[in-house]
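**Q** Can you keep this structure in mind? I'll have questions shortly.
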Amino acid sequence: MTYDLYLGDYAYSSWSLRGWLLFEKFGIARNTTLVDFSNQSVAEQLTKIAPARTVPAVKFPEGAVVSDSLAIAEELATRHPDARIWPTDPGARATARNLAAEMHSGFFPLRNDCPMNLRISYEDARPSEAVLADLARLETIWEHARTSYGEDGPWLCGSYSAADAFFAPVAGRIAGYNLPVGDAAQAYVAAHLSDPAFRRWRAMGLVHGQTLPWYAKDYPPRPWPGPAPRKAVAVAATSAENANCPYSGKPVTHFMEMEGRIFGFCNAFCRDKTVADPEAWPAFMALL
């Protein structure tokens with residue numbers, strides 16, 4: 001069964017992150033096509049899979065096209081029941097669906113004032129009263145879910161579910177804009193920042209594409225608050241632990257060393273960018 005998944009920019013497309021996590025976290029294979037956010041319109045780049053005009057979008061094996069993230073989640077859950085995209089417990093499942101739906105249709109001040117930008121973190125974004133109200137609502141619904149169904153784990157309703165995929169970009173916003181939330185909410189954000197899938201997505205955002213100026217904000221920057229990166233250096237080598245570049249999937253041609261291990265990339269840019277921005281690659285450890 002082959003799915004064609006269309007995604008936007010790794011660093012900036014919050015809905016694309018949600019769509020990608022629905023495949024990545026639940027082990028569903030796909031062919032991926034990236035849409036360029038710096039060039040022509042997204043809709044123009046999706047003409048081959050009309051009527052889709054936004055990302056993420058999925059073309060299913062029989063030709064059906066789905067371009068709504070919640071619909072993608074539900075359709076994948078129907079086609080892959082063993083993946084457990086939604087919790088199996090009825091109460092947890094109902095809660096997870098409600099959480100994803102509220103994220104899907106709400107939190108507009110947070111979305112508008114703090115667009116996802118995984119390339120940078122700010123010291124003080126001076127959130128508005130409307131954004132603070134959104135954050136308070138997030139704390140309420142997250143705490144309710146984790147208290148009711150969290151089973152002492154980091155995720156909202158037990159094991160990782162579509163609800164967590166839908167809030168992953170929110171965690172990125174809270175981290176990126178240093179937004180004020182309490183300890184429980186910060187712990188949930190930290191779980192996302194440490195998640196290998198989230199780290200891999202952010203890694204791809206650091207090395208793929210351009211820094212788009214229209215996402216920049218005039219706030220003082222700070223270091224990204226996720227796990228501390230390891231050190232790496234570019235090396236001359238002939239083989240690596242990975243046969244294909246973690247960014248492009250192409251055969252490796254250039255190499256770096258980290259803690260005595262050699263990793264490969266498809267070109268010098270991927271390697272040098274990764275060495276220069278070491279936050280870009282620790283997630284590879286989960287893949288190799």
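Convention: chains lettered A, B, ... in structure tokens order; per-chain residue numbering from 1; ligands numbered from 1 as shown.
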Can you list every residue in region 51-189 of chain A that DSSP puts in strand (DSSP E), as number ranges by chain?
**A** A: 57-59, 65-66, 121-122
**Q** What lies within 10 Å of His254 (chain A) using only C-alpha atoms, ignoring chain neighbours under 5 positions off, as a list in words?
**A**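 Neighbouring residues, sequence-local ones excluded: Ala234, Val235, Ala236, Ala237, Thr238, Ser239, Ala240, Cys245, Phe263, Gly264, Phe265, Cys266, Asn267, Ala268, Phe269, Cys270, Arg271 and Asp272 of chain A.
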**Q** Go ahead and write the residues just picked, C-alpha atoms, as a PDB file, in the first residue's frame.
**A**
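Listed below is the output, result.pdb:
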```
ATOM      1  CA  ALA A 234      33.610  16.730   9.322  1.00  0.00           C
ATOM      2  CA  VAL A 235      35.949  13.887   8.341  1.00  0.00           C
ATOM      3  CA  ALA A 236      37.354  12.225   5.249  1.00  0.00           C
ATOM      4  CA  ALA A 237      35.953   8.705   5.223  1.00  0.00           C
ATOM      5  CA  THR A 238      34.820   6.045   2.781  1.00  0.00           C
ATOM      6  CA  SER A 239      31.910   4.464   4.651  1.00  0.00           C
ATOM      7  CA  ALA A 240      29.331   5.278   7.308  1.00  0.00           C
ATOM      8  CA  CYS A 245      21.473  10.780   3.742  1.00  0.00           C
ATOM      9  CA  PHE A 263      27.626   9.253   9.709  1.00  0.00           C
ATOM     10  CA  GLY A 264      27.130  10.044   6.041  1.00  0.00           C
ATOM     11  CA  PHE A 265      25.349  12.732   4.022  1.00  0.00           C
ATOM     12  CA  CYS A 266      24.569  13.201   0.358  1.00  0.00           C
ATOM     13  CA  ASN A 267      26.661  16.343  -0.073  1.00  0.00           C
ATOM     14  CA  ALA A 268      28.996  18.720   1.706  1.00  0.00           C
ATOM     15  CA  PHE A 269      26.227  21.211   2.457  1.00  0.00           C
ATOM     16  CA  CYS A 270      24.224  18.697   4.503  1.00  0.00           C
ATOM     17  CA  ARG A 271      27.339  17.607   6.354  1.00  0.00           C
ATOM     18  CA  ASP A 272      28.766  21.075   6.994  1.00  0.00           C
TER      19      ASP A 272
END
```
**Q** Determine, using only C-alpha atoms, which residues of region 44-90 of chain A have any atom at most 12 Å from an atom of region 145-160 of chain A, and tabulate each with its shortest atom pair and distance in Å to one decimal place, rows ordered by chain and then rising number, as JSON lines.
**A**
```
{"residue": "A:Ala83", "atom": "CA", "partner": "A:Tyr160", "partner_atom": "CA", "distance": 10.8}
{"residue": "A:Arg84", "atom": "CA", "partner": "A:Tyr160", "partner_atom": "CA", "distance": 8.9}
{"residue": "A:Ile85", "atom": "CA", "partner": "A:Tyr160", "partner_atom": "CA", "distance": 8.0}
{"residue": "A:Trp86", "atom": "CA", "partner": "A:Tyr160", "partner_atom": "CA", "distance": 8.5}
{"residue": "A:Pro87", "atom": "CA", "partner": "A:Cys157", "partner_atom": "CA", "distance": 7.1}
{"residue": "A:Thr88", "atom": "CA", "partner": "A:Gly158", "partner_atom": "CA", "distance": 9.7}
{"residue": "A:Asp89", "atom": "CA", "partner": "A:Tyr149", "partner_atom": "CA", "distance": 9.1}
{"residue": "A:Pro90", "atom": "CA", "partner": "A:Tyr149", "partner_atom": "CA", "distance": 10.6}
```
**Q** For Glu129 (chain A), which residue out of A:Tyr188, A:Pro180, A:Asn98, A:Arg79 is the nearest one, using only C-alpha atoms?
**A** A:Pro180
**Q** Output as a tab-separated table one row per residue of region 211-243 of chain A within 9 Å of region 2-14 of chain A: the closest atom pair and its distance in Å to one decimal place, counting only C-alpha atoms, sorted by chain and residue number ascending.
**A**
```
residue	atom	partner	partner_atom	distance
A:Thr211	CA	A:Ala11	CA	8.6
A:Leu212	CA	A:Tyr12	CA	8.8
A:Tyr215	CA	A:Tyr12	CA	7.9
```
**Q** Which residues, written as an mmCIF file with N, CA, C and O atoms, in the first residue's frame, have at least one atom at most 12 Å from Asp82 (chain A), with only C-alpha atoms counted and residues fewer than 6 positions away on the same chain left out?
**A**
```
data_model
loop_
_atom_site.group_PDB
_atom_site.id
_atom_site.type_symbol
_atom_site.label_atom_id
_atom_site.label_comp_id
_atom_site.auth_asym_id
_atom_site.auth_seq_id
_atom_site.Cartn_x
_atom_site.Cartn_y
_atom_site.Cartn_z
ATOM 1 N N PHE A 26 3.712 6.218 13.681
ATOM 2 C CA PHE A 26 2.939 4.978 13.663
ATOM 3 C C PHE A 26 3.418 4.003 12.586
ATOM 4 O O PHE A 26 2.733 3.043 12.255
ATOM 5 N N GLY A 27 4.617 4.262 12.056
ATOM 6 C CA GLY A 27 5.268 3.310 11.180
ATOM 7 C C GLY A 27 4.570 3.070 9.862
ATOM 8 O O GLY A 27 4.584 1.945 9.349
ATOM 9 N N ILE A 28 3.976 4.103 9.288
ATOM 10 C CA ILE A 28 3.253 3.960 8.021
ATOM 11 C C ILE A 28 4.140 4.480 6.891
ATOM 12 O O ILE A 28 4.546 5.648 6.897
ATOM 13 N N LEU A 76 -6.266 7.248 8.152
ATOM 14 C CA LEU A 76 -5.172 6.334 8.457
ATOM 15 C C LEU A 76 -5.541 5.401 9.603
ATOM 16 O O LEU A 76 -5.182 4.213 9.593
ATOM 17 N N THR A 88 -6.915 2.873 22.477
ATOM 18 C CA THR A 88 -7.897 1.784 22.433
ATOM 19 C C THR A 88 -8.952 1.924 23.526
ATOM 20 O O THR A 88 -10.099 1.496 23.338
#
```
**Q** Between A:Leu46, A:Ala136, A:Leu206, A:Val233, which is the closest to Tyr247 (chain A) once you count only C-alpha atoms?
**A** A:Leu206
**Q** Please indicate the distance in Å from CA of Asn112 (chain A) to CA of Arg173 (chain A), rounded to one decimal place.
**A** 11.1 Å
